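Enquirer: Before anything else, here's the structure in question.
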Amino acid sequence: MALRPALLIAGFAALLGCGVLTAPPAARAACAGCHTEHFREQGTCTGCHRGNPTSTRANLAHAGLLSRGAAAWGMPGAAAVAEGDRLRDRLGCRRCHVTGGRGNAYAISLDRVAWRRSQAQLRDAILSPATFMPDFSLTPRQADALIAVLLRDGERDGRESRYLVRFRDGRSNRPNGFAVQCGPCHRALTPEGALGTSASGPNLTGLLSGHYPDPDGRAWDEARLASWLRNPRGERPTSAMRPVTLNSAEWHDVLSALGPPPSR
Ligand code: HEC
Ligand code: HEC
Ligand code: HEC
Ligand code: HEC
């Protein structure tokens with residue numbers, strides 16, 4: 001931040017102190033004692049950045065701070081928000097999470113947790129993801145853009161977050177066909193729980209649910225999946241996946257594993 005405007009603001013503050021000018025209380029937030037003001041017509045420092053506007057000590061004032069792209073969560077035209085929207089669609093966050101009111105409730109609802117976490121916690125969850133969340137190899141800047149969108153769409157008074165999925169009881173003694181045939185290379189959150197042991201192939205959660213990303217504009221359905229399994233290179237000549245043959249019980253397991261979660 002430039003030094004000179006900050007000094008100007010300090011000068012103004014001195015004028016205010018003498019009662020020469022009056023200003024709304026928000027303009028006297030301690031934040032402005034150390035920082036140049038910006039976006040003044042669009043809100044208060046803490047309206048966008050959170051933090052504690054009454055403290056003149058940086059570490060206290062910065063409690064719960066939102067910085068960089070994440071601070072744009074309430075600015076509809078901002079570049080970070082547009083990028084966050086793009087990334088959320090392209091990476092298919094909704095195959096596992098509800099966000100912006102839509103998605104498969106296989107993992108925690110991002111609408112419920114966004115405002116309950118610090119920016120550092122959200123960044124960490126996105127950049128060093130849990131085992132059954134894909135590692136998208138994002139930059140911190142991209143993570144902040146996603147965070148802006150999660151905050152924009154989050155329930156600000158979100159109640160205690162909880163899972164919405166009620167996993168089915170695996171009553172059968174037969175091993176699950178997805179776990180056996182796909183699990184050595186793929187992971188997925190499924191109605192039977194988390195299946196698969198390796199990330200050498202993509203995480204297939206919600207492949208047939210309508211929320212799986214389809215970069216070439218072709219959604220996955222049963223027919224496409226069947227033909228893919230017969231011959232992946234028929235569709236993608238350089239595919240590293242080899243054909244897989246399933247018996248009918250296994251095919252049934254695969255279809256039920258890759259659909260949407262059971263509704264409540
Ligand atoms: C006592 C001076 C002081 C006060 C008061 C203060 N800040 Fe800061 N702020 C700093 C300094 C110095 C830095 C740069 C070093 C750092 O990140 O701590 C900074 C950094 C920041 C950053 C960038 C953080 C990052 O991760 O890049 C933001 C955003 C910010 N402040 C907003 C605020 C807001 C909003 C308030 C009021 C709620 C506030 N500051 C109050 C001194 C202050
Ligand atoms: C309308 C929302 C909004 C308001 C109001 C706002 N900011 Fe920001 N601020 C942002 C955004 C978005 C960024 C990052 C993007 C950019 O650089 O334009 C940012 C960047 C900053 C930075 C640079 C570090 C960083 O996080 O990128 C500081 C410091 C900062 N703001 C402090 C303040 C202070 C102090 C106030 C109150 C006087 C304030 N801001 C008011 C949205 C806002
Ligand atoms: C294949 C499933 C899957 C996909 C896709 C996925 N996640 Fe996750 N995510 C998870 C799991 C599993 C967790 C761990 C928490 C849980 O079990 O619900 C998690 C946790 C998180 C958390 C931490 C939540 C908390 O409680 O603090 C955030 C934030 C998050 N994901 C964001 C995203 C974003 C943003 C995307 C899209 C870029 C995304 N996730 C895509 C499965 C997924
Ligand atoms: C020996 C490892 C291996 C096994 C077993 C395997 N796959 Fe794959 N699969 C891969 C790899 C590697 C890719 C990525 C290749 C590519 O992108 O062309 C892949 C890609 C896919 C894709 C494309 C996903 C996308 O986002 O493009 C689908 C669908 C798929 N596999 C389904 C399955 C199913 C269902 C099974 C079990 C019946 C299975 N695979 C078994 C390794 C495997």
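Letters for chains follow the order of the structure tokens (A, B, ...), residue numbers begin at 1 for each chain, and ligand numbers begin at 1 in the order shown.
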Could the residues of chain A that have an atom at most 9 Å from ligand 2 be listed as a tab-separated table, each with its closest atom pair and the distance in Å to one decimal, counting only C-alpha atoms and all ligand atoms and ordered by chain and ascending residue number?
Expert:
```
residue	atom	partner	partner_atom_place_in_ligand_line	distance
A:Met1	CA	ligand 2	29 (C)	6.7
A:Ala26	CA	ligand 2	38 (C)	8.8
A:Ala27	CA	ligand 2	38 (C)	7.2
A:Arg28	CA	ligand 2	38 (C)	8.8
A:Ala29	CA	ligand 2	38 (C)	7.5
A:Ala30	CA	ligand 2	35 (C)	8.3
A:Cys31	CA	ligand 2	35 (C)	4.6
A:Ala32	CA	ligand 2	38 (C)	4.9
A:Gly33	CA	ligand 2	35 (C)	8.1
A:Cys34	CA	ligand 2	35 (C)	7.3
A:His35	CA	ligand 2	35 (C)	4.8
A:Thr36	CA	ligand 2	35 (C)	6.2
A:Glu37	CA	ligand 2	38 (C)	3.8
A:His38	CA	ligand 2	41 (C)	5.2
A:Phe39	CA	ligand 2	5 (C)	4.8
A:Arg40	CA	ligand 2	5 (C)	5.4
A:Glu41	CA	ligand 2	5 (C)	7.3
A:Gln42	CA	ligand 2	1 (C)	4.6
A:Gly43	CA	ligand 2	5 (C)	4.0
A:Thr44	CA	ligand 2	5 (C)	4.3
A:Cys45	CA	ligand 2	37 (C)	3.2
A:Thr46	CA	ligand 2	37 (C)	6.9
A:Gly47	CA	ligand 2	5 (C)	6.2
A:Cys48	CA	ligand 2	2 (C)	4.4
A:His49	CA	ligand 2	7 (N)	6.2
A:Leu65	CA	ligand 2	26 (O)	8.8
A:Leu66	CA	ligand 2	26 (O)	7.0
A:Ser67	CA	ligand 2	26 (O)	3.4
A:Arg68	CA	ligand 2	27 (O)	3.4
A:Gly69	CA	ligand 2	14 (C)	5.1
A:Ala70	CA	ligand 2	12 (C)	6.8
A:Ala71	CA	ligand 2	12 (C)	4.5
A:Ala72	CA	ligand 2	12 (C)	3.7
A:Trp73	CA	ligand 2	12 (C)	7.4
A:Gly74	CA	ligand 2	2 (C)	6.7
A:Met75	CA	ligand 2	1 (C)	6.1
A:Ala78	CA	ligand 2	12 (C)	7.3
A:Ala79	CA	ligand 2	15 (C)	8.7
A:Ala80	CA	ligand 2	12 (C)	7.7
```
Enquirer: Per residue of chain A within 8 Å of ligand 4, which atom pair is closest and at what distance in Å (one decimal), using only C-alpha atoms and all ligand atoms, listed by chain and increasing number, as JSON lines?
Expert:
```
{"residue": "A:Gly177", "atom": "CA", "partner": "ligand 4", "partner_atom_place_in_ligand_line": "38 (C)", "distance": 7.6}
{"residue": "A:Phe178", "atom": "CA", "partner": "ligand 4", "partner_atom_place_in_ligand_line": "37 (C)", "distance": 5.8}
{"residue": "A:Val180", "atom": "CA", "partner": "ligand 4", "partner_atom_place_in_ligand_line": "37 (C)", "distance": 7.9}
{"residue": "A:Gln181", "atom": "CA", "partner": "ligand 4", "partner_atom_place_in_ligand_line": "37 (C)", "distance": 4.6}
{"residue": "A:Cys182", "atom": "CA", "partner": "ligand 4", "partner_atom_place_in_ligand_line": "37 (C)", "distance": 3.3}
{"residue": "A:Gly183", "atom": "CA", "partner": "ligand 4", "partner_atom_place_in_ligand_line": "5 (C)", "distance": 6.7}
{"residue": "A:Pro184", "atom": "CA", "partner": "ligand 4", "partner_atom_place_in_ligand_line": "5 (C)", "distance": 5.6}
{"residue": "A:Cys185", "atom": "CA", "partner": "ligand 4", "partner_atom_place_in_ligand_line": "2 (C)", "distance": 4.4}
{"residue": "A:His186", "atom": "CA", "partner": "ligand 4", "partner_atom_place_in_ligand_line": "7 (N)", "distance": 6.3}
{"residue": "A:Ser200", "atom": "CA", "partner": "ligand 4", "partner_atom_place_in_ligand_line": "12 (C)", "distance": 5.5}
{"residue": "A:Gly201", "atom": "CA", "partner": "ligand 4", "partner_atom_place_in_ligand_line": "11 (C)", "distance": 3.8}
{"residue": "A:Pro202", "atom": "CA", "partner": "ligand 4", "partner_atom_place_in_ligand_line": "26 (O)", "distance": 5.7}
{"residue": "A:Asn203", "atom": "CA", "partner": "ligand 4", "partner_atom_place_in_ligand_line": "26 (O)", "distance": 7.6}
{"residue": "A:Leu204", "atom": "CA", "partner": "ligand 4", "partner_atom_place_in_ligand_line": "24 (C)", "distance": 6.6}
{"residue": "A:Leu207", "atom": "CA", "partner": "ligand 4", "partner_atom_place_in_ligand_line": "29 (C)", "distance": 7.0}
{"residue": "A:Tyr212", "atom": "CA", "partner": "ligand 4", "partner_atom_place_in_ligand_line": "26 (O)", "distance": 7.9}
{"residue": "A:Pro213", "atom": "CA", "partner": "ligand 4", "partner_atom_place_in_ligand_line": "26 (O)", "distance": 7.3}
{"residue": "A:Asp214", "atom": "CA", "partner": "ligand 4", "partner_atom_place_in_ligand_line": "26 (O)", "distance": 7.4}
{"residue": "A:Trp220", "atom": "CA", "partner": "ligand 4", "partner_atom_place_in_ligand_line": "29 (C)", "distance": 7.5}
{"residue": "A:Leu225", "atom": "CA", "partner": "ligand 4", "partner_atom_place_in_ligand_line": "29 (C)", "distance": 6.0}
{"residue": "A:Trp228", "atom": "CA", "partner": "ligand 4", "partner_atom_place_in_ligand_line": "29 (C)", "distance": 6.8}
{"residue": "A:Leu229", "atom": "CA", "partner": "ligand 4", "partner_atom_place_in_ligand_line": "33 (C)", "distance": 6.5}
{"residue": "A:Pro232", "atom": "CA", "partner": "ligand 4", "partner_atom_place_in_ligand_line": "18 (O)", "distance": 6.8}
{"residue": "A:Arg233", "atom": "CA", "partner": "ligand 4", "partner_atom_place_in_ligand_line": "18 (O)", "distance": 7.6}
{"residue": "A:Arg236", "atom": "CA", "partner": "ligand 4", "partner_atom_place_in_ligand_line": "18 (O)", "distance": 5.9}
{"residue": "A:Pro237", "atom": "CA", "partner": "ligand 4", "partner_atom_place_in_ligand_line": "18 (O)", "distance": 8.0}
{"residue": "A:Thr238", "atom": "CA", "partner": "ligand 4", "partner_atom_place_in_ligand_line": "18 (O)", "distance": 6.5}
{"residue": "A:Ser239", "atom": "CA", "partner": "ligand 4", "partner_atom_place_in_ligand_line": "18 (O)", "distance": 3.3}
{"residue": "A:Ala240", "atom": "CA", "partner": "ligand 4", "partner_atom_place_in_ligand_line": "15 (C)", "distance": 4.6}
{"residue": "A:Met241", "atom": "CA", "partner": "ligand 4", "partner_atom_place_in_ligand_line": "10 (C)", "distance": 4.1}
{"residue": "A:Arg242", "atom": "CA", "partner": "ligand 4", "partner_atom_place_in_ligand_line": "1 (C)", "distance": 6.6}
{"residue": "A:Pro243", "atom": "CA", "partner": "ligand 4", "partner_atom_place_in_ligand_line": "41 (C)", "distance": 7.9}
{"residue": "A:Val244", "atom": "CA", "partner": "ligand 4", "partner_atom_place_in_ligand_line": "38 (C)", "distance": 5.9}
{"residue": "A:Thr245", "atom": "CA", "partner": "ligand 4", "partner_atom_place_in_ligand_line": "38 (C)", "distance": 7.4}
{"residue": "A:Leu246", "atom": "CA", "partner": "ligand 4", "partner_atom_place_in_ligand_line": "38 (C)", "distance": 6.8}
{"residue": "A:Glu250", "atom": "CA", "partner": "ligand 4", "partner_atom_place_in_ligand_line": "38 (C)", "distance": 7.9}
{"residue": "A:Trp251", "atom": "CA", "partner": "ligand 4", "partner_atom_place_in_ligand_line": "38 (C)", "distance": 7.4}
{"residue": "A:Val254", "atom": "CA", "partner": "ligand 4", "partner_atom_place_in_ligand_line": "35 (C)", "distance": 6.1}
```
Enquirer: Can I get the residues of chain A within 9 Å of ligand 3, each with the closest pair of atoms and their distance in Å to one decimal, using only C-alpha atoms and all ligand atoms, sorted chain first then ascending number, as a Markdown table?
Expert:
```
| residue | atom | partner | partner_atom_place_in_ligand_line | distance |
| --- | --- | --- | --- | --- |
| A:Gly84 | CA | ligand 3 | 35 (C) | 8.7 |
| A:Leu87 | CA | ligand 3 | 38 (C) | 6.5 |
| A:Arg88 | CA | ligand 3 | 38 (C) | 5.2 |
| A:Asp89 | CA | ligand 3 | 37 (C) | 8.0 |
| A:Arg90 | CA | ligand 3 | 38 (C) | 8.1 |
| A:Leu91 | CA | ligand 3 | 38 (C) | 5.2 |
| A:Gly92 | CA | ligand 3 | 5 (C) | 5.6 |
| A:Cys93 | CA | ligand 3 | 37 (C) | 3.4 |
| A:Arg94 | CA | ligand 3 | 5 (C) | 6.6 |
| A:Arg95 | CA | ligand 3 | 5 (C) | 5.5 |
| A:Cys96 | CA | ligand 3 | 2 (C) | 4.4 |
| A:His97 | CA | ligand 3 | 7 (N) | 6.3 |
| A:Thr99 | CA | ligand 3 | 35 (C) | 8.7 |
| A:Ala105 | CA | ligand 3 | 18 (O) | 8.7 |
| A:Tyr106 | CA | ligand 3 | 18 (O) | 7.1 |
| A:Ala107 | CA | ligand 3 | 18 (O) | 3.5 |
| A:Ile108 | CA | ligand 3 | 18 (O) | 3.7 |
| A:Ser109 | CA | ligand 3 | 18 (O) | 7.4 |
| A:Leu110 | CA | ligand 3 | 29 (C) | 6.4 |
| A:Arg112 | CA | ligand 3 | 26 (O) | 8.9 |
| A:Val113 | CA | ligand 3 | 26 (O) | 6.1 |
| A:Ala114 | CA | ligand 3 | 29 (C) | 7.0 |
| A:Arg116 | CA | ligand 3 | 27 (O) | 8.1 |
| A:Arg117 | CA | ligand 3 | 27 (O) | 6.3 |
| A:Ser118 | CA | ligand 3 | 27 (O) | 8.9 |
| A:Gln121 | CA | ligand 3 | 27 (O) | 6.6 |
| A:Leu122 | CA | ligand 3 | 29 (C) | 4.6 |
| A:Arg123 | CA | ligand 3 | 29 (C) | 7.1 |
| A:Asp124 | CA | ligand 3 | 29 (C) | 7.9 |
| A:Ala125 | CA | ligand 3 | 23 (C) | 4.8 |
| A:Ile126 | CA | ligand 3 | 32 (C) | 5.3 |
| A:Pro129 | CA | ligand 3 | 20 (C) | 6.6 |
| A:Ala130 | CA | ligand 3 | 14 (C) | 5.1 |
| A:Thr131 | CA | ligand 3 | 12 (C) | 6.7 |
| A:Phe132 | CA | ligand 3 | 12 (C) | 4.5 |
| A:Met133 | CA | ligand 3 | 42 (C) | 3.7 |
| A:Pro134 | CA | ligand 3 | 1 (C) | 5.7 |
| A:Asp135 | CA | ligand 3 | 41 (C) | 8.6 |
| A:Phe136 | CA | ligand 3 | 38 (C) | 7.1 |
| A:Leu138 | CA | ligand 3 | 38 (C) | 8.8 |
| A:Ala143 | CA | ligand 3 | 35 (C) | 7.5 |
| A:Leu146 | CA | ligand 3 | 35 (C) | 5.7 |
| A:Ile147 | CA | ligand 3 | 35 (C) | 7.0 |
| A:Val149 | CA | ligand 3 | 35 (C) | 8.7 |
| A:Leu150 | CA | ligand 3 | 35 (C) | 7.3 |
| A:Ser161 | CA | ligand 3 | 26 (O) | 8.1 |
| A:Arg162 | CA | ligand 3 | 18 (O) | 8.7 |
| A:Tyr163 | CA | ligand 3 | 18 (O) | 7.2 |
| A:Arg187 | CA | ligand 3 | 1 (C) | 7.8 |
| A:Ala188 | CA | ligand 3 | 1 (C) | 6.2 |
| A:Leu189 | CA | ligand 3 | 1 (C) | 6.5 |
| A:Ala194 | CA | ligand 3 | 12 (C) | 8.5 |
| A:Pro202 | CA | ligand 3 | 1 (C) | 8.9 |
| A:Asn203 | CA | ligand 3 | 1 (C) | 5.5 |
| A:Leu204 | CA | ligand 3 | 1 (C) | 6.8 |
| A:Thr205 | CA | ligand 3 | 1 (C) | 5.0 |
| A:Gly206 | CA | ligand 3 | 1 (C) | 7.8 |
| A:Tyr212 | CA | ligand 3 | 5 (C) | 8.1 |
```
Enquirer: Out of A:Ala223, A:Leu60, A:Leu255, A:Val98, which residue has the shortest atom-to-atom distance to ligand 1 when counting only C-alpha atoms and all ligand atoms?
Expert: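 Using only C-alpha atoms and all ligand atoms, the shortest distance to ligand 1 belongs to A:Leu60.
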Enquirer: Among range 177-223 of chain A, which ones does DSSP place in helix (DSSP H, G or I), written as a list in words?
Expert: Gly177, Phe178, Ala179, Val180, Gln181, Glu222 and Ala223 of chain A
Enquirer: Would you export the selected residues with N, CA, C and O atoms as a CSV table (one decimal), in the first residue's frame, please?
Expert:
```
chain,number,residue,atom,x,y,z
A,177,GLY,N,-18.3,-54.7,-6.1
A,177,GLY,CA,-17.7,-54.8,-7.4
A,177,GLY,C,-16.9,-53.5,-7.8
A,177,GLY,O,-15.8,-53.7,-8.4
A,178,PHE,N,-17.3,-52.4,-7.3
A,178,PHE,CA,-16.5,-51.2,-7.6
A,178,PHE,C,-15.1,-51.3,-6.9
A,178,PHE,O,-14.1,-51.0,-7.4
A,179,ALA,N,-15.2,-51.7,-5.6
A,179,ALA,CA,-14.0,-51.8,-4.8
A,179,ALA,C,-13.0,-52.7,-5.4
A,179,ALA,O,-11.8,-52.5,-5.5
A,180,VAL,N,-13.5,-53.9,-5.9
A,180,VAL,CA,-12.6,-54.9,-6.4
A,180,VAL,C,-12.1,-54.5,-7.8
A,180,VAL,O,-10.9,-54.7,-8.1
A,181,GLN,N,-13.0,-54.1,-8.7
A,181,GLN,CA,-12.6,-53.9,-10.1
A,181,GLN,C,-12.0,-52.5,-10.4
A,181,GLN,O,-11.2,-52.3,-11.3
A,222,GLU,N,-24.8,-44.4,-18.4
A,222,GLU,CA,-24.6,-45.8,-18.4
A,222,GLU,C,-24.0,-46.3,-19.7
A,222,GLU,O,-23.0,-47.1,-19.7
A,223,ALA,N,-24.5,-45.9,-20.8
A,223,ALA,CA,-24.1,-46.4,-22.1
A,223,ALA,C,-22.6,-45.9,-22.4
A,223,ALA,O,-21.8,-46.7,-22.8
```
Enquirer: Any idea what the distance is between CA of Ser55 in chain A and CA of Leu151 in chain A?
Expert: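 The value is 24.4 Å.
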Enquirer: Please determine, counting only C-alpha atoms and all ligand atoms, which residue among A:Val81, A:Ala58, A:Leu258, A:Ala226 has the shortest atom-to-atom distance to ligand 1.
Expert: A:Ala58
Enquirer: What parts of range 6-231 of chain A does DSSP call strand (DSSP E)? I'd like the answer as a ChimeraX atom specification.
Expert: /A:188-190,193-195
Enquirer: Using only C-alpha atoms, which residue out of A:Ser248, A:Ser227, A:Ser137, A:Ser209 lies closest to Gly103 in chain A?
Expert: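 Result for the nearest residue to Gly103 in chain A: A:Ser209.
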Enquirer: When distances are computed from only C-alpha atoms and all ligand atoms, which of A:Ala120, A:Arg156, A:Pro76, A:Arg102 shows the smallest separation from ligand 1?
Expert: A:Ala120
Enquirer: What does the distance between atom 32 (C, counted along the ligand's line) of ligand 1 and CA of Asn59 in chain A come to in Å, to one decimal place?
Expert: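 So the two atoms, atom 32 (C, counted along the ligand's line) of ligand 1 and CA of Asn59 in chain A, lie 10.3 Å apart.
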